[in-house]
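**Student:** Before we start, here is the structure in question, set down as structure tokens.
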Amino acid sequence: MFNYERMNYLELHQEFKEESLFGRYITLEHIEPLLSKYRAVLIGYSVLGKPIYKFELGSGKIKILMWSQMHGNESTTTKALFDFINVLHSNSELSKSLLNQFSFCLIPMLNPDGAAMYTRENANAIDLNRDAQNLSQPESKILRNVFETFTPNYCYNLHDQRTIFGAGSTGKPATVSFLAPAFNENRDVNEVRGKAMNVIVAMNETLQEYIPNQVGRFDDSFNLNCVGDTFQHLNVPTILFEAGHFQNDYEREITRKYIFMALLSGIRFLHENDIVNNKNDDYLKIPQNKVVFYDFVYKNVKINYDGIEKNSNFAAQFKEVLQNNKITFEAVIVQIDHLENYFGHKEIDAQGERYLDQNTNAPTIDSKATFNLGKNIKIVNGSIE
């Protein structure tokens with residue numbers, strides 16, 4: 001039997017990381033060799049006829065359903081999921097223990113059309129995470145059918161979140177966020193939701209050892225059209241994972257490691273504990289996500305407003321653009337002044353140097369973040385060149 005007490009998450013991720021998957025643009029074509037290698041099972045087709053697959057592994061009594069890339073442009077958890085799949089296929093003591101105690105149903109890419117187009121929605125421009133009641137899309141029907149036939153004890157709903165979120169007001173990014181979705185309008189906590197909260201508390205305790213103050217709690221406003229809310233409403237403990245920003249990690253390669261750690265530490269908790277303890281208070285102590293970040297904040301910039309110069313602050317944000325099968329990050333100006341309660345993942349203090357560009361003497365919303373600060377500081381695509 002594997003000794004969970006001696007589990008080294010960093011070493012495990014280094015050993016089992018799926019090196020063929022890298023960056024933000026992960027499509028069906030990228031994962032097809034892995035689907036073939038591990039003999040994934042076809043479970044249906046997308047709007048555009050792309051195949052959707054699952055893995056079923058293990059013979060244990062605790063059944064866990066996981067799905068990723070419900071939103072096509074949210075690929076970090078897909079990478080982490082394949083890192084975890086490598087563990088399960090490793091024939092190690094850890095894999096033997098996991099497969100003996102658990103049964104896993106894993107859908108690595110629910111929205112292959114959106115993945116190819118790098119869009120949140122599917123090919124019909126429908127957000128699958130708002131289609132849990134209507135079930136109007138083939139991908140939504142596939143997930144519901146798997147849910148009903150597999151009859152999981154726990155559901156893991158795997159997503160990415162934008163760089164704008166911080167872990168409360170700590171000034172740290174929300175690198176990983178969790179949510180035990182509400183099951184009713186009152187956002188009550190019953191035994192089912194409490195089980196999800198307990199697993200989240202365990203994952204948070206592990207992550208705090210590696211990324212202190214960089215774990216957030218997602219807003220729990222109730223919406224039965226959301227898949228997590230629906231599954232929680234159907235009395236299956238459901239956990240939302242949000243892979244967020246780690247400092248300078250725009251490819252989300254560091255974040256994927258922490259998602260992997262969260263998966264393993266949560267499963268370890270389920271393996272070792274009969275969930276009866278009430279850890280609701282510990283769950284609520286996890287700081288709620290707040291929109292407090294921009295990718296770039298420029299401070300103390302002298303700007304000429306119709307002949308009047310004053311020092312101002314402004315911010316820029318990356319837009320993710322799919323070009324030639326690669327994601328490029330294009331910085332554009334999105335906010336001018338009113339930045340008192342915001343942070344920048346990069347902050348540049350102009351120390352009173354004048355804003356200059358090829359068109360105007362002042363930054364404008366939606367313009368590219370390429371300009372000069374005085375004669376000596378050149379900003380290209382957001383950063384100092």
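Lettering and numbering for the structure tokens are positional, with chains as A, B, ... in the shown order, residues counted from 1 in each chain, and ligands counted from 1 in the shown order.
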Identify, on the basis of only C-alpha atoms, every residue whose closest approach to Asn129 (chain A) does not exceed 8 Å; exclude the query and any residue fewer than 5 positions from it along the same chain; express the result as a VMD selection string.
**Tutor:** chain A and resid 70 to 71 225 to 227
**Student:** Restrict the calculation to only C-alpha atoms, then for each residue of region 256-343 of chain A with any atom at most 10 Å from an atom of region 89-107 of chain A give the closest atom pair and their distance in Å to one decimal, rows by chain and rising residue number, as CSV.
**Tutor:**
residue,atom,partner,partner_atom,distance
A:Leu264,CA,A:Leu98,CA,9.7
A:Ile267,CA,A:Leu98,CA,8.4
A:Arg268,CA,A:Leu98,CA,8.8
A:Leu270,CA,A:Phe102,CA,9.4
A:His271,CA,A:Gln101,CA,7.0
**Student:** Quick one: which region 43-104 of chain A residues come within 9 Å of region 139-162 of chain A, and what is the nearest atom pair for each with the distance in Å to one decimal, counting only C-alpha atoms, rows ordered by chain and ascending number, as a Markdown table?
**Tutor:**
| residue | atom | partner | partner_atom | distance |
| --- | --- | --- | --- | --- |
| A:Ile43 | CA | A:Ile142 | CA | 7.0 |
| A:Gly44 | CA | A:Ile142 | CA | 6.5 |
| A:Tyr45 | CA | A:Glu139 | CA | 7.3 |
| A:Ser46 | CA | A:Glu139 | CA | 5.8 |
| A:Val47 | CA | A:Glu139 | CA | 7.6 |
| A:Ile52 | CA | A:Glu139 | CA | 8.2 |
| A:Lys61 | CA | A:Asn153 | CA | 8.9 |
| A:Ile62 | CA | A:Asn153 | CA | 6.2 |
| A:Lys63 | CA | A:Pro152 | CA | 4.8 |
| A:Ile64 | CA | A:Tyr154 | CA | 4.9 |
| A:Leu65 | CA | A:Cys155 | CA | 4.8 |
| A:Met66 | CA | A:Tyr156 | CA | 4.6 |
| A:Trp67 | CA | A:Asn157 | CA | 5.8 |
| A:Ser68 | CA | A:Leu158 | CA | 4.9 |
| A:Gln69 | CA | A:His159 | CA | 6.7 |
| A:Met70 | CA | A:His159 | CA | 7.6 |
| A:His71 | CA | A:His159 | CA | 7.3 |
| A:Asn73 | CA | A:Asp160 | CA | 8.2 |
| A:Glu74 | CA | A:Asp160 | CA | 4.9 |
| A:Ser75 | CA | A:Asp160 | CA | 7.1 |
| A:Thr76 | CA | A:Asp160 | CA | 6.5 |
| A:Thr77 | CA | A:Leu158 | CA | 5.9 |
| A:Thr78 | CA | A:Leu158 | CA | 8.1 |
| A:Ser103 | CA | A:Pro152 | CA | 8.8 |
| A:Phe104 | CA | A:Pro152 | CA | 8.7 |
**Student:** So which bits of region 70-307 of chain A end up strand (DSSP E or B) when you DSSP the backbone, as a PyMOL selection string?
**Tutor:** chain A and resi 102-107+154-160+165-167+173+176-179+215-217+238-243+288-291+293-305
**Student:** In terms of the shortest atom-to-atom distance over only C-alpha atoms, which of A:Ser383, A:Asn223, A:Ser59, A:Thr27 is closest to Pro181 (chain A)?
**Tutor:**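 Among the listed residues, the smallest separation from Pro181 (chain A) belongs to A:Asn223.
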**Student:** Expressed in Å to a single decimal, how great is the separation between CA of Asn304 (chain A) and CA of His338 (chain A)?
**Tutor:**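 Calculated distance between CA of Asn304 (chain A) and CA of His338 (chain A) is 17.6 Å.
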